[in-house]
file input-v7.cif (mmCIF, C-alpha atoms)
data_run
#
loop_
_atom_site.label_atom_id
_atom_site.label_comp_id
_atom_site.auth_asym_id
_atom_site.auth_seq_id
_atom_site.Cartn_x
_atom_site.Cartn_y
_atom_site.Cartn_z
CA MET A 1 -38.15 0.25 7.04
CA PRO A 2 -35.53 -2.57 6.97
CA ARG A 3 -32.44 -1.67 8.99
CA ARG A 4 -30.18 -2.23 5.98
CA LEU A 5 -31.89 0.64 4.14
CA ILE A 6 -31.13 2.87 7.10
CA GLU A 7 -27.51 1.73 7.37
CA LEU A 8 -26.62 1.90 3.67
CA PRO A 9 -26.63 5.72 3.41
CA LEU A 10 -24.27 5.86 6.39
CA LEU A 11 -21.92 3.41 4.70
CA ARG A 12 -22.08 5.25 1.37
CA ARG A 13 -21.22 8.52 3.08
CA LEU A 14 -18.36 7.21 5.21
CA LYS A 15 -16.97 4.65 2.75
CA PRO A 16 -17.86 5.75 -0.79
CA GLY A 17 -15.43 3.41 -2.56
CA LEU A 18 -16.66 0.11 -1.14
CA TYR A 19 -18.55 -2.59 -3.02
CA VAL A 20 -21.63 -3.59 -0.98
CA HIS A 21 -22.54 -7.26 -1.12
CA ASP A 22 -26.13 -8.21 -1.83
CA GLU A 23 -26.80 -9.65 1.62
CA GLU A 24 -29.32 -8.91 4.35
CA ALA A 25 -26.52 -7.97 6.73
CA LEU A 26 -24.31 -5.00 5.86
CA ASN A 27 -21.10 -6.31 4.28
CA ALA A 28 -18.76 -4.38 2.00
CA GLU A 29 -15.20 -4.47 0.69
CA PRO A 30 -12.90 -2.04 -1.14
CA ALA A 31 -11.32 -2.30 -4.56
CA LEU A 32 -7.71 -3.40 -4.13
CA ASP A 33 -6.20 -0.08 -5.20
CA LEU A 34 -7.82 1.49 -2.11
CA LEU A 35 -5.62 -0.77 0.04
CA ASP A 36 -2.38 0.74 -1.25
CA GLU A 37 -1.40 2.35 2.08
CA ALA A 38 0.62 0.92 4.95
CA ILE A 39 -2.16 1.87 7.36
CA THR A 40 -5.56 1.27 5.79
CA PRO A 41 -7.78 4.35 6.14
CA VAL A 42 -11.06 3.77 7.91
CA SER A 43 -12.79 4.97 4.73
CA ALA A 44 -11.32 1.98 2.85
CA PHE A 45 -11.65 -0.67 5.56
CA PHE A 46 -14.00 -3.57 4.86
CA ILE A 47 -17.22 -4.10 6.82
CA ARG A 48 -18.34 -7.52 8.08
CA ASN A 49 -21.61 -8.18 9.90
CA ASN A 50 -23.49 -11.36 10.80
CA GLY A 51 -26.62 -9.49 11.87
CA GLU A 52 -28.02 -6.04 12.39
CA LEU A 53 -25.90 -3.21 13.70
CA PRO A 54 -26.98 -2.58 17.28
CA ASP A 55 -28.58 0.67 18.36
CA ILE A 56 -26.16 2.56 20.59
CA ALA A 57 -27.84 5.70 21.85
CA ASP A 58 -25.24 6.75 24.40
CA GLU A 59 -21.66 5.47 24.29
CA GLY A 60 -21.00 7.31 27.53
CA SER A 61 -23.15 4.80 29.40
CA TRP A 62 -21.49 1.75 27.85
CA THR A 63 -20.24 -0.89 30.29
CA LEU A 64 -18.14 -4.04 30.04
CA THR A 65 -18.93 -6.93 32.39
CA ILE A 66 -16.24 -9.45 33.41
CA ASP A 67 -17.60 -12.63 34.97
CA GLY A 68 -17.49 -16.43 34.86
CA GLU A 69 -14.34 -18.20 36.11
CA VAL A 70 -12.87 -15.16 37.87
CA GLU A 71 -12.37 -14.36 41.54
CA ARG A 72 -13.64 -10.80 41.35
CA PRO A 73 -16.38 -10.12 38.77
CA ALA A 74 -16.47 -6.50 37.67
CA VAL A 75 -18.35 -3.98 35.57
CA TRP A 76 -16.25 -1.34 33.82
CA THR A 77 -17.16 1.94 32.20
CA LEU A 78 -14.98 3.23 29.36
CA PRO A 79 -13.45 6.03 31.49
CA ALA A 80 -12.72 3.54 34.27
CA LEU A 81 -10.95 1.15 31.86
CA ARG A 82 -8.78 3.99 30.59
CA GLU A 83 -7.92 5.12 34.10
CA ALA A 84 -7.22 1.70 35.60
CA PHE A 85 -5.07 0.14 32.87
CA GLU A 86 -2.18 1.08 30.61
CA THR A 87 -3.20 2.27 27.15
CA VAL A 88 -1.33 0.48 24.36
CA THR A 89 -1.41 0.46 20.56
CA GLU A 90 -0.95 -2.61 18.36
CA THR A 91 -0.67 -2.42 14.57
CA ALA A 92 -2.31 -5.53 13.16
CA VAL A 93 -3.90 -6.99 10.06
CA LEU A 94 -7.59 -7.78 10.36
CA GLU A 95 -8.81 -10.30 7.78
CA CYS A 96 -12.11 -12.10 7.45
CA ALA A 97 -11.67 -15.88 7.41
CA GLY A 98 -13.79 -15.95 4.24
CA ASN A 99 -11.66 -13.44 2.32
CA GLY A 100 -11.20 -14.83 -1.21
CA ARG A 101 -14.14 -17.24 -0.87
CA ALA A 102 -15.43 -16.31 -4.34
CA GLN A 103 -12.38 -17.99 -5.88
CA PHE A 104 -13.20 -21.49 -4.65
CA SER A 105 -14.43 -24.00 -7.22
CA PRO A 106 -16.87 -25.51 -6.74
CA ALA A 107 -18.51 -22.64 -4.91
CA THR A 108 -18.90 -22.91 -1.14
CA ASP A 109 -21.40 -21.64 1.40
CA GLY A 110 -21.01 -18.12 2.73
CA LEU A 111 -20.53 -14.54 1.61
CA PRO A 112 -18.64 -14.47 -1.74
CA TRP A 113 -15.83 -12.17 -0.68
CA ARG A 114 -13.39 -11.15 -3.38
CA LEU A 115 -9.95 -10.19 -1.99
CA GLY A 116 -10.75 -6.95 -0.17
CA ALA A 117 -11.89 -8.27 3.22
CA VAL A 118 -8.58 -7.32 4.81
CA GLY A 119 -6.87 -4.23 6.15
CA CYS A 120 -4.11 -3.10 8.50
CA ALA A 121 -4.83 -0.58 11.25
CA ARG A 122 -3.49 0.82 14.48
CA TRP A 123 -5.66 -0.46 17.31
CA THR A 124 -5.53 1.28 20.68
CA GLY A 125 -6.96 0.07 23.96
CA VAL A 126 -6.03 -1.88 27.07
CA ARG A 127 -4.59 -5.37 27.26
CA LEU A 128 -7.23 -8.02 27.77
CA ALA A 129 -4.74 -9.80 30.06
CA ASP A 130 -4.57 -6.80 32.40
CA VAL A 131 -8.34 -6.70 32.76
CA LEU A 132 -8.65 -10.46 33.30
CA ASN A 133 -5.75 -10.62 35.76
CA HIS A 134 -7.32 -7.79 37.72
CA ALA A 135 -10.46 -9.96 37.99
CA GLY A 136 -8.40 -12.99 39.05
CA VAL A 137 -8.40 -15.82 36.51
CA ARG A 138 -9.35 -19.08 38.15
CA PRO A 139 -7.19 -22.16 37.39
CA GLY A 140 -10.04 -23.91 35.58
CA ALA A 141 -10.54 -21.16 32.99
CA VAL A 142 -9.60 -22.38 29.50
CA TYR A 143 -11.62 -20.14 27.17
CA THR A 144 -13.18 -16.69 27.02
CA ALA A 145 -16.72 -16.07 25.82
CA HIS A 146 -17.47 -12.69 24.22
CA PHE A 147 -20.88 -11.09 24.00
CA ALA A 148 -22.39 -8.12 22.18
CA PRO A 149 -25.87 -6.66 21.57
CA ASP A 150 -26.09 -7.30 17.81
CA ARG A 151 -28.84 -9.73 16.87
CA GLN A 152 -29.69 -11.95 13.92
CA ILE A 153 -31.79 -10.29 11.23
CA GLY A 154 -35.45 -11.05 11.85
CA LYS A 155 -34.60 -12.94 15.07
CA PRO A 156 -34.03 -10.34 17.79
CA GLU A 157 -34.03 -13.04 20.45
CA LYS A 158 -30.87 -14.63 18.97
CA GLU A 159 -27.31 -13.34 19.10
CA ALA A 160 -25.62 -12.64 15.77
CA LEU A 161 -22.17 -13.71 16.97
CA SER A 162 -20.65 -14.84 20.26
CA ARG A 163 -17.16 -16.21 19.91
CA GLY A 164 -14.18 -16.50 22.25
CA LEU A 165 -10.46 -17.15 22.59
CA PRO A 166 -8.31 -19.86 24.17
CA ILE A 167 -7.09 -18.51 27.49
CA ALA A 168 -3.46 -18.43 26.30
CA LYS A 169 -4.37 -16.07 23.46
CA ALA A 170 -6.58 -13.98 25.73
CA LEU A 171 -3.61 -13.48 28.07
CA SER A 172 -1.11 -12.73 25.30
CA PRO A 173 0.15 -9.13 25.37
CA GLU A 174 -0.99 -8.34 21.82
CA THR A 175 -4.65 -9.12 22.55
CA LEU A 176 -6.57 -5.94 23.33
CA ILE A 177 -9.90 -4.50 24.31
CA ALA A 178 -9.78 -1.66 21.80
CA PHE A 179 -11.52 1.70 21.91
CA ALA A 180 -9.65 3.46 19.07
CA MET A 181 -8.72 2.75 15.45
CA ASN A 182 -6.08 4.74 13.58
CA ASP A 183 -5.85 7.22 16.46
CA GLU A 184 -9.57 8.04 16.40
CA PRO A 185 -12.44 6.73 18.55
CA LEU A 186 -13.48 3.30 17.33
CA PRO A 187 -16.24 3.86 14.73
CA ARG A 188 -19.59 2.19 15.28
CA LEU A 189 -19.27 0.45 11.91
CA HIS A 190 -16.10 -1.20 13.27
CA GLY A 191 -17.45 -2.24 16.64
CA GLY A 192 -17.28 0.95 18.69
CA PRO A 193 -17.21 1.70 21.48
CA LEU A 194 -15.30 -1.53 22.37
CA ARG A 195 -14.06 -4.53 20.45
CA ILE A 196 -11.60 -7.38 20.82
CA VAL A 197 -8.32 -7.19 18.88
CA ALA A 198 -6.76 -10.65 18.46
CA PRO A 199 -3.82 -10.33 16.01
CA GLY A 200 -3.24 -13.39 13.87
CA TYR A 201 -6.74 -14.76 14.49
CA PRO A 202 -9.56 -14.45 11.92
CA GLY A 203 -11.80 -11.41 12.12
CA SER A 204 -14.64 -13.43 13.65
CA ALA A 205 -12.60 -13.62 16.87
CA TRP A 206 -12.37 -9.81 17.04
CA GLN A 207 -15.79 -9.41 18.69
CA LYS A 208 -17.39 -6.03 18.02
CA TRP A 209 -19.62 -3.97 20.35
CA LEU A 210 -18.13 -5.88 23.26
CA ASN A 211 -20.18 -5.60 26.47
CA ARG A 212 -19.36 -8.82 28.33
CA ILE A 213 -16.48 -11.28 28.71
CA SER A 214 -17.14 -14.50 30.60
CA LEU A 215 -14.41 -17.02 31.38
CA ARG A 216 -15.35 -20.65 30.86
CA THR A 217 -14.07 -24.11 31.81
CA GLN A 218 -14.59 -25.39 28.25
CA GLU A 219 -14.34 -24.15 24.69
CA HIS A 220 -17.00 -21.52 24.18
CA ASP A 221 -20.12 -22.77 22.35
CA GLY A 222 -21.79 -19.44 21.55
CA GLU A 223 -23.32 -18.38 18.25
CA LYS A 224 -20.99 -19.18 15.31
CA MET A 225 -18.77 -21.34 17.55
CA ARG A 226 -20.45 -24.66 16.78
CA GLY A 227 -20.63 -27.07 13.85
CA THR A 228 -18.36 -26.03 11.01
CA ASP A 229 -18.53 -22.26 11.65
CA TYR A 230 -15.04 -20.75 11.39
CA ARG A 231 -13.50 -24.20 11.42
CA LEU A 232 -11.33 -26.08 8.95
CA PRO A 233 -11.38 -29.83 8.31
CA ILE A 234 -8.56 -31.70 10.00
CA HIS A 235 -8.16 -33.84 6.88
CA ALA A 236 -8.64 -32.88 3.24
CA LEU A 237 -12.23 -33.09 2.00
CA ARG A 238 -13.64 -33.57 -1.47
CA PRO A 239 -16.66 -31.56 -2.66
CA GLY A 240 -19.84 -33.42 -1.76
CA GLU A 241 -18.20 -35.53 0.95
CA PRO A 242 -20.38 -35.88 4.10
CA LEU A 243 -19.42 -33.44 6.85
CA ASP A 244 -18.66 -34.58 10.38
CA PRO A 245 -18.26 -31.49 12.63
CA THR A 246 -16.07 -33.50 15.02
CA HIS A 247 -13.44 -33.62 12.25
CA PHE A 248 -13.16 -29.81 12.14
CA ALA A 249 -10.90 -27.56 14.24
CA VAL A 250 -11.37 -23.91 15.19
CA ILE A 251 -9.32 -21.49 13.09
CA THR A 252 -6.76 -19.99 15.43
CA ASP A 253 -4.15 -18.79 12.94
CA MET A 254 -4.48 -17.07 9.58
CA PRO A 255 -2.15 -18.36 6.84
CA VAL A 256 0.68 -16.48 5.16
CA LYS A 257 -0.59 -14.26 2.34
CA SER A 258 0.23 -11.44 -0.06
CA LEU A 259 -1.79 -8.87 -1.95
CA ILE A 260 -0.86 -6.92 -5.08
CA THR A 261 -2.44 -3.47 -4.86
CA ARG A 262 -0.73 -2.06 -7.99
CA PRO A 263 -1.28 -2.66 -10.85
CA THR A 264 -4.89 -3.83 -10.89
CA ASN A 265 -6.56 -6.30 -13.22
CA GLY A 266 -6.93 -4.95 -16.75
CA PHE A 267 -3.76 -2.84 -16.72
CA THR A 268 -2.01 -1.96 -19.98
CA VAL A 269 1.62 -1.15 -20.58
CA ALA A 270 3.65 -0.61 -23.74
CA ALA A 271 6.30 -3.14 -24.71
CA GLY A 272 9.72 -2.12 -23.44
CA GLU A 273 8.35 -0.17 -20.47
CA MET A 274 8.44 -1.12 -16.81
CA VAL A 275 5.44 -2.18 -14.75
CA ALA A 276 5.35 -0.75 -11.23
CA VAL A 277 4.27 -3.52 -8.84
CA ALA A 278 3.44 -2.92 -5.18
CA GLY A 279 1.55 -4.61 -2.41
CA PHE A 280 1.71 -6.13 1.05
CA ALA A 281 2.42 -9.47 2.69
CA TRP A 282 1.51 -10.72 6.14
CA SER A 283 1.20 -13.83 8.27
CA GLY A 284 -0.42 -15.01 11.50
CA ALA A 285 1.50 -16.47 14.43
CA ILE A 286 4.48 -17.49 12.29
CA PRO A 287 6.58 -14.49 11.11
CA LEU A 288 6.66 -13.54 7.46
CA ALA A 289 9.90 -14.51 5.70
CA ALA A 290 9.77 -13.51 2.01
CA VAL A 291 7.74 -12.56 -1.04
CA GLU A 292 8.40 -13.64 -4.62
CA LEU A 293 6.93 -12.49 -7.94
CA SER A 294 6.45 -14.38 -11.18
CA CYS A 295 5.52 -13.23 -14.68
CA ASP A 296 5.68 -16.57 -16.49
CA GLY A 297 2.95 -18.61 -14.87
CA GLY A 298 5.09 -19.70 -11.93
CA SER A 299 8.02 -21.29 -13.76
CA ARG A 300 10.38 -18.68 -12.32
CA TRP A 301 10.04 -16.76 -9.06
CA ASP A 302 12.16 -13.76 -8.09
CA GLU A 303 12.32 -12.56 -4.51
CA VAL A 304 11.54 -8.89 -3.84
CA ALA A 305 12.62 -6.81 -0.88
CA LEU A 306 10.22 -6.40 2.03
CA GLU A 307 10.04 -3.12 3.88
CA PRO A 308 10.01 -3.26 7.70
CA GLY A 309 6.57 -3.73 9.17
CA GLU A 310 4.96 -1.63 11.89
CA GLY A 311 5.16 -4.28 14.59
CA PRO A 312 5.07 -8.08 14.33
CA PHE A 313 1.39 -8.24 13.31
CA GLY A 314 1.33 -5.46 10.72
CA TRP A 315 1.69 -6.22 7.04
CA ARG A 316 4.92 -5.45 5.15
CA ARG A 317 5.15 -3.58 1.88
CA PHE A 318 6.97 -4.67 -1.27
CA GLU A 319 7.62 -2.57 -4.36
CA THR A 320 9.50 -3.29 -7.57
CA ARG A 321 9.46 -2.69 -11.32
CA LEU A 322 9.13 -5.47 -13.86
CA PRO A 323 9.92 -5.26 -17.59
CA ALA A 324 7.12 -5.62 -20.12
CA VAL A 325 9.07 -7.42 -22.81
CA ALA A 326 6.78 -8.48 -25.63
CA PRO A 327 3.25 -7.57 -26.73
CA GLY A 328 0.51 -9.87 -25.47
CA PRO A 329 -1.09 -10.90 -22.17
CA LEU A 330 0.90 -10.48 -18.96
CA THR A 331 -0.01 -12.01 -15.61
CA ILE A 332 1.83 -11.02 -12.43
CA MET A 333 1.71 -13.39 -9.46
CA ALA A 334 2.80 -12.84 -5.85
CA ARG A 335 3.73 -15.60 -3.43
CA ALA A 336 4.59 -15.13 0.26
CA ARG A 337 6.43 -17.55 2.56
CA ASP A 338 6.60 -17.65 6.35
CA ALA A 339 9.54 -18.51 8.61
CA ALA A 340 8.39 -22.13 8.92
CA GLY A 341 8.50 -22.61 5.14
CA ASN A 342 4.75 -22.45 4.57
CA CYS A 343 4.12 -20.97 1.13
CA GLN A 344 1.05 -19.72 -0.68
CA PRO A 345 -0.33 -22.44 -2.98
CA LEU A 346 -1.18 -21.88 -6.61
CA GLU A 347 -4.62 -23.34 -5.89
CA PRO A 348 -6.26 -23.44 -2.45
CA PRO A 349 -7.17 -26.67 -0.67
CA TRP A 350 -10.96 -26.80 -0.97
CA ASN A 351 -13.05 -26.70 2.20
CA PRO A 352 -16.86 -26.61 2.48
CA ARG A 353 -17.07 -23.18 4.14
CA GLY A 354 -14.56 -21.41 1.93
CA TYR A 355 -12.20 -20.34 4.70
CA CYS A 356 -8.55 -19.26 4.68
CA ASN A 357 -8.03 -18.98 0.94
CA ASN A 358 -4.41 -17.89 0.60
CA GLN A 359 -3.84 -18.98 -2.98
CA VAL A 360 -1.38 -17.04 -5.10
CA GLN A 361 -2.96 -13.87 -6.47
CA ARG A 362 -2.94 -13.29 -10.22
CA VAL A 363 -3.15 -9.79 -11.71
CA SER A 364 -3.67 -9.87 -15.50
CA GLY A 365 -3.05 -7.14 -18.04
CA THR A 366 -1.89 -6.50 -21.59
CA VAL A 367 1.42 -5.46 -23.08
CA THR A 368 0.73 -3.37 -26.15
CA ALA A 369 2.96 -2.91 -29.19
CA ARG A 370 4.64 0.46 -29.57
CA ASP A 371 3.42 2.61 -32.38
CA ALA A 372 5.74 4.01 -35.02
CA ARG A 373 5.65 7.49 -33.49
CA GLY A 374 6.91 6.24 -30.16
CA LEU A 375 9.73 4.36 -31.84
CA ARG A 376 10.75 7.45 -33.82
CA GLU A 377 10.80 9.55 -30.63
CA GLU A 378 13.06 7.04 -28.91
CA PHE A 379 15.35 6.91 -31.94
CA SER A 380 15.65 10.71 -31.95
CA ARG A 381 16.60 10.66 -28.22
CA GLY A 382 19.20 8.01 -28.85
CA ILE A 383 17.50 5.37 -26.73
#
call {"tool": "encode", "arguments": {"input": "input-v7.cif", "output": "structure tokens"}}
result
Amino acid sequence: MPRRLIELPLLRRLKPGLYVHDEEALNAEPALDLLDEAITPVSAFFIRNNGELPDIADEGSWTLTIDGEVERPAVWTLPALREAFETVTETAVLECAGNGRAQFSPATDGLPWRLGAVGCARWTGVRLADVLNHAGVRPGAVYTAHFAPDRQIGKPEKEALSRGLPIAKALSPETLIAFAMNDEPLPRLHGGPLRIVAPGYPGSAWQKWLNRISLRTQEHDGEKMRGTDYRLPIHALRPGEPLDPTHFAVITDMPVKSLITRPTNGFTVAAGEMVAVAGFAWSGAIPLAAVELSCDGGSRWDEVALEPGEGPFGWRRFETRLPAVAPGPLTIMARARDAAGNCQPLEPPWNPRGYCNNQVQRVSGTVTARDARGLREEFSRGI
């Protein structure tokens, strides 16, 4: 029986509200109204796989090997990691680099994610820097290489994904080897028992089922680290233009973005009433600065208040109420801006792999006319 047919019932049971993409690998995302919480529940968190989920019979025997450009290679068990290093928690947004890919025109290669391949969770583990410094980072180390037991579908001899981090990011205090998510043991569907947490970087850098970290003297060239995988063109490209992989750079920072979780597409509201609008905004390495909303196609933007975030890498909530003035179509748009002045575009710059789409979101609904009964009731109340 194909592995996907075995894995699907597990996903349906644990995450009943997710839309499952028609792909060989198990990939699923929630409807946007399921993301209307400051900390995304595991039951609503998206699933991204490049291959088959690995068989993990006994998490108690799991080990993590540290080798390569280090003075003291080591093999750690989970209990030993917990005992040797400080346990820390980092709240951070995890977003697939291809989130929003379905909106590119013309269409691009890759999984046609809608807008749900994102979530914000509390990640608990040990600092990657502490583990690497314990091993003794050699001066020539410039990149980490991460390894896991998942394999390509139909090609068990080939790794599904093996990416890494520049050494500066690996040694940053927010980068973790995580063993818990939202105060519970890290679920297998999310990379348990160990995964990398690299806030601000695309989800591909957050290696799941982590069992080895090797330090290298060059940029890692593992599976999905070569060619145009998880890379953006240095200069703008036109659809159909020949691709030169040397003109692409690794994605090391996710762009500023916002997401309206209420209302959802297809909403209706009576003329004269207020529309409750809520959502979240986040950014990568550059702090988030502001969020604006528009109801007139972008001619006018009004800034809305941002609630404090749970740490520098968590998303921040916004809530407001907008008037529904006249009957007819109504489109609400959200636009976030970071501290460097980078702002979400109305249309995304096209790229051949459909990465980092942070275009302004549009939520469309209808303002209906009030019936005579409603008007009479308001008149009787003196409104």
call {"tool": "residues_around", "arguments": {"input": "input-v7.cif", "residues": "A:Phe147", "least_positions_apart": "4", "cutoff": "9 Å", "atoms": "only C-alpha atoms", "output": "list in words"}}
result
Glu159, Leu161, Ser162, Arg163, Gly164, Gln207, Lys208, Trp209, Leu210, Asn211, Arg212, Ile213, Ser214 and Gly222 of chain A
call {"tool": "atom_distance", "arguments": {"input": "input-v7.cif", "atom1": "atom CA of A:Ala270", "atom2": "atom CA of A:Thr366"}}
result
8.4 Å
call {"tool": "residues_near_point", "arguments": {"input": "input-v7.cif", "point": "(3.8, -20.1, -11.1)", "cutoff": "12 Å", "atoms": "all atoms listed in the file", "output": "list in words"}}
result
Glu292, Leu293, Ser294, Cys295, Asp296, Gly297, Gly298, Ser299, Arg300, Trp301, Asp302, Thr331, Ile332, Met333, Ala334, Arg335, Gln344, Pro345, Leu346, Glu347, Gln359, Val360, Gln361 and Arg362 of chain A
call {"tool": "residues_around", "arguments": {"input": "input-v7.cif", "residues": "A:Thr124", "least_positions_apart": "4", "cutoff": "12 Å", "atoms": "all atoms listed in the file", "output": "number ranges by chain"}}
result
A: 82, 86-92, 128, 174-186, 192-197
call {"tool": "closest_residue", "arguments": {"input": "input-v7.cif", "among": "A:Gly60, A:Tyr230, A:Pro329, A:Leu171", "to": "A:Asp109", "atoms": "all atoms listed in the file"}}
result
A:Tyr230
call {"tool": "atom_distance", "arguments": {"input": "input-v7.cif", "atom1": "atom CA of A:Ala281", "atom2": "atom CA of A:Lys257"}}
result
5.7 Å
call {"tool": "closest_residue", "arguments": {"input": "input-v7.cif", "among": "A:Leu322, A:Val118, A:Met254, A:Ala44", "to": "A:Arg13", "atoms": "only C-alpha atoms"}}
result
A:Ala44
call {"tool": "resolve_selection", "arguments": {"input": "input-v7.cif", "expression": "the PyMOL selection byres ((chain A and resi 238) around 9)", "output": "number ranges by chain"}}
result
A: 236-237, 239-241, 350-352
call {"tool": "resolve_selection", "arguments": {"input": "input-v7.cif", "expression": "the PyMOL selection byres ((chain A and resi 95) around 6)", "output": "MDAnalysis selection string"}}
result
chainID A and resid 94 96 117:118 202:203
call {"tool": "residues_around", "arguments": {"input": "input-v7.cif", "residues": "A:Asp244", "least_positions_apart": "5", "cutoff": "10 Å", "atoms": "all atoms listed in the file", "output": "PyMOL selection string"}}
result
chain A and resi 227-228+233
call {"tool": "closest_residue", "arguments": {"input": "input-v7.cif", "among": "A:Val126, A:Leu111, A:Leu26, A:Met274", "to": "A:Glu83", "atoms": "all atoms listed in the file"}}
result
A:Val126
call {"tool": "resolve_selection", "arguments": {"input": "input-v7.cif", "expression": "the PyMOL selection byres ((chain A and resi 40) around 12)", "output": "number ranges by chain"}}
result
A: 30, 32-39, 41-46, 91-94, 116-123, 181-182, 280, 314-315
call {"tool": "atom_distance", "arguments": {"input": "input-v7.cif", "atom1": "atom CA of A:Asn357", "atom2": "atom CA of A:Gly100"}}
result
5.6 Å
call {"tool": "residues_around", "arguments": {"input": "input-v7.cif", "residues": "A:Thr63", "least_positions_apart": "6", "cutoff": "8 Å", "atoms": "all atoms listed in the file", "output": "list in words"}}
result
Val75, Trp76, Thr77, Leu78 and Asn211 of chain A
call {"tool": "residues_near_point", "arguments": {"input": "input-v7.cif", "point": "(-12.2, -23.2, 15.3)", "cutoff": "8 Å", "atoms": "only C-alpha atoms", "output": "list in words"}}
result
Met225, Asp229, Tyr230, Arg231, Leu232, Phe248, Ala249, Val250, Ile251 and Thr252 of chain A
call {"tool": "residues_around", "arguments": {"input": "input-v7.cif", "residues": "A:Thr268", "least_positions_apart": "4", "cutoff": "9 Å", "atoms": "all atoms listed in the file", "output": "list in words"}}
result
Gly365, Thr366, Val367 and Thr368 of chain A
call {"tool": "decode", "arguments": {"input": "input-v7.cif", "residues": "stretch 106-156 of chain A", "atoms": "C-alpha atoms", "output": "PDB file, in the first residue's frame"}}
result
ATOM      1  CA  PRO A 106       1.589  32.787 -15.122  1.00  0.00           C
ATOM      2  CA  ALA A 107       1.664  29.704 -12.945  1.00  0.00           C
ATOM      3  CA  THR A 108       5.027  28.520 -11.615  1.00  0.00           C
ATOM      4  CA  ASP A 109       6.538  25.167 -10.733  1.00  0.00           C
ATOM      5  CA  GLY A 110       5.844  23.713  -7.311  1.00  0.00           C
ATOM      6  CA  LEU A 111       3.024  22.915  -4.918  1.00  0.00           C
ATOM      7  CA  PRO A 112       0.129  25.382  -5.470  1.00  0.00           C
ATOM      8  CA  TRP A 113      -0.169  26.612  -1.905  1.00  0.00           C
ATOM      9  CA  ARG A 114      -3.009  29.003  -1.187  1.00  0.00           C
ATOM     10  CA  LEU A 115      -2.329  31.254   1.840  1.00  0.00           C
ATOM     11  CA  GLY A 116      -2.464  28.748   4.693  1.00  0.00           C
ATOM     12  CA  ALA A 117       1.125  27.452   4.697  1.00  0.00           C
ATOM     13  CA  VAL A 118       1.986  29.545   7.741  1.00  0.00           C
ATOM     14  CA  GLY A 119       1.517  29.415  11.489  1.00  0.00           C
ATOM     15  CA  CYS A 120       2.933  30.767  14.736  1.00  0.00           C
ATOM     16  CA  ALA A 121       3.968  28.395  17.520  1.00  0.00           C
ATOM     17  CA  ARG A 122       6.000  28.168  20.689  1.00  0.00           C
ATOM     18  CA  TRP A 123       9.092  26.091  19.960  1.00  0.00           C
ATOM     19  CA  THR A 124      11.060  24.624  22.855  1.00  0.00           C
ATOM     20  CA  GLY A 125      14.490  23.061  22.753  1.00  0.00           C
ATOM     21  CA  VAL A 126      18.165  23.898  23.161  1.00  0.00           C
ATOM     22  CA  ARG A 127      20.142  26.565  21.352  1.00  0.00           C
ATOM     23  CA  LEU A 128      21.958  25.233  18.323  1.00  0.00           C
ATOM     24  CA  ALA A 129      24.832  27.572  19.249  1.00  0.00           C
ATOM     25  CA  ASP A 130      25.274  25.882  22.632  1.00  0.00           C
ATOM     26  CA  VAL A 131      25.534  22.452  21.030  1.00  0.00           C
ATOM     27  CA  LEU A 132      27.952  23.621  18.324  1.00  0.00           C
ATOM     28  CA  ASN A 133      30.131  25.590  20.736  1.00  0.00           C
ATOM     29  CA  HIS A 134      30.335  22.550  22.978  1.00  0.00           C
ATOM     30  CA  ALA A 135      31.702  20.647  19.951  1.00  0.00           C
ATOM     31  CA  GLY A 136      34.179  23.439  19.179  1.00  0.00           C
ATOM     32  CA  VAL A 137      33.479  25.256  15.909  1.00  0.00           C
ATOM     33  CA  ARG A 138      36.580  25.371  13.760  1.00  0.00           C
ATOM     34  CA  PRO A 139      37.531  28.733  12.168  1.00  0.00           C
ATOM     35  CA  GLY A 140      36.891  27.424   8.654  1.00  0.00           C
ATOM     36  CA  ALA A 141      33.256  26.500   9.285  1.00  0.00           C
ATOM     37  CA  VAL A 142      30.911  28.704   7.244  1.00  0.00           C
ATOM     38  CA  TYR A 143      27.753  26.598   6.877  1.00  0.00           C
ATOM     39  CA  THR A 144      25.840  23.836   8.617  1.00  0.00           C
ATOM     40  CA  ALA A 145      24.488  20.785   6.808  1.00  0.00           C
ATOM     41  CA  HIS A 146      21.367  19.130   8.240  1.00  0.00           C
ATOM     42  CA  PHE A 147      20.355  15.535   7.671  1.00  0.00           C
ATOM     43  CA  ALA A 148      17.258  13.444   8.317  1.00  0.00           C
ATOM     44  CA  PRO A 149      15.989   9.943   7.439  1.00  0.00           C
ATOM     45  CA  ASP A 150      13.108  10.967   5.152  1.00  0.00           C
ATOM     46  CA  ARG A 151      13.574   9.813   1.567  1.00  0.00           C
ATOM     47  CA  GLN A 152      12.204  10.733  -1.846  1.00  0.00           C
ATOM     48  CA  ILE A 153       9.056   8.888  -2.854  1.00  0.00           C
ATOM     49  CA  GLY A 154       9.982   5.850  -4.924  1.00  0.00           C
ATOM     50  CA  LYS A 155      13.715   6.576  -4.452  1.00  0.00           C
ATOM     51  CA  PRO A 156      14.683   5.300  -1.004  1.00  0.00           C
TER      52      PRO A 156
END
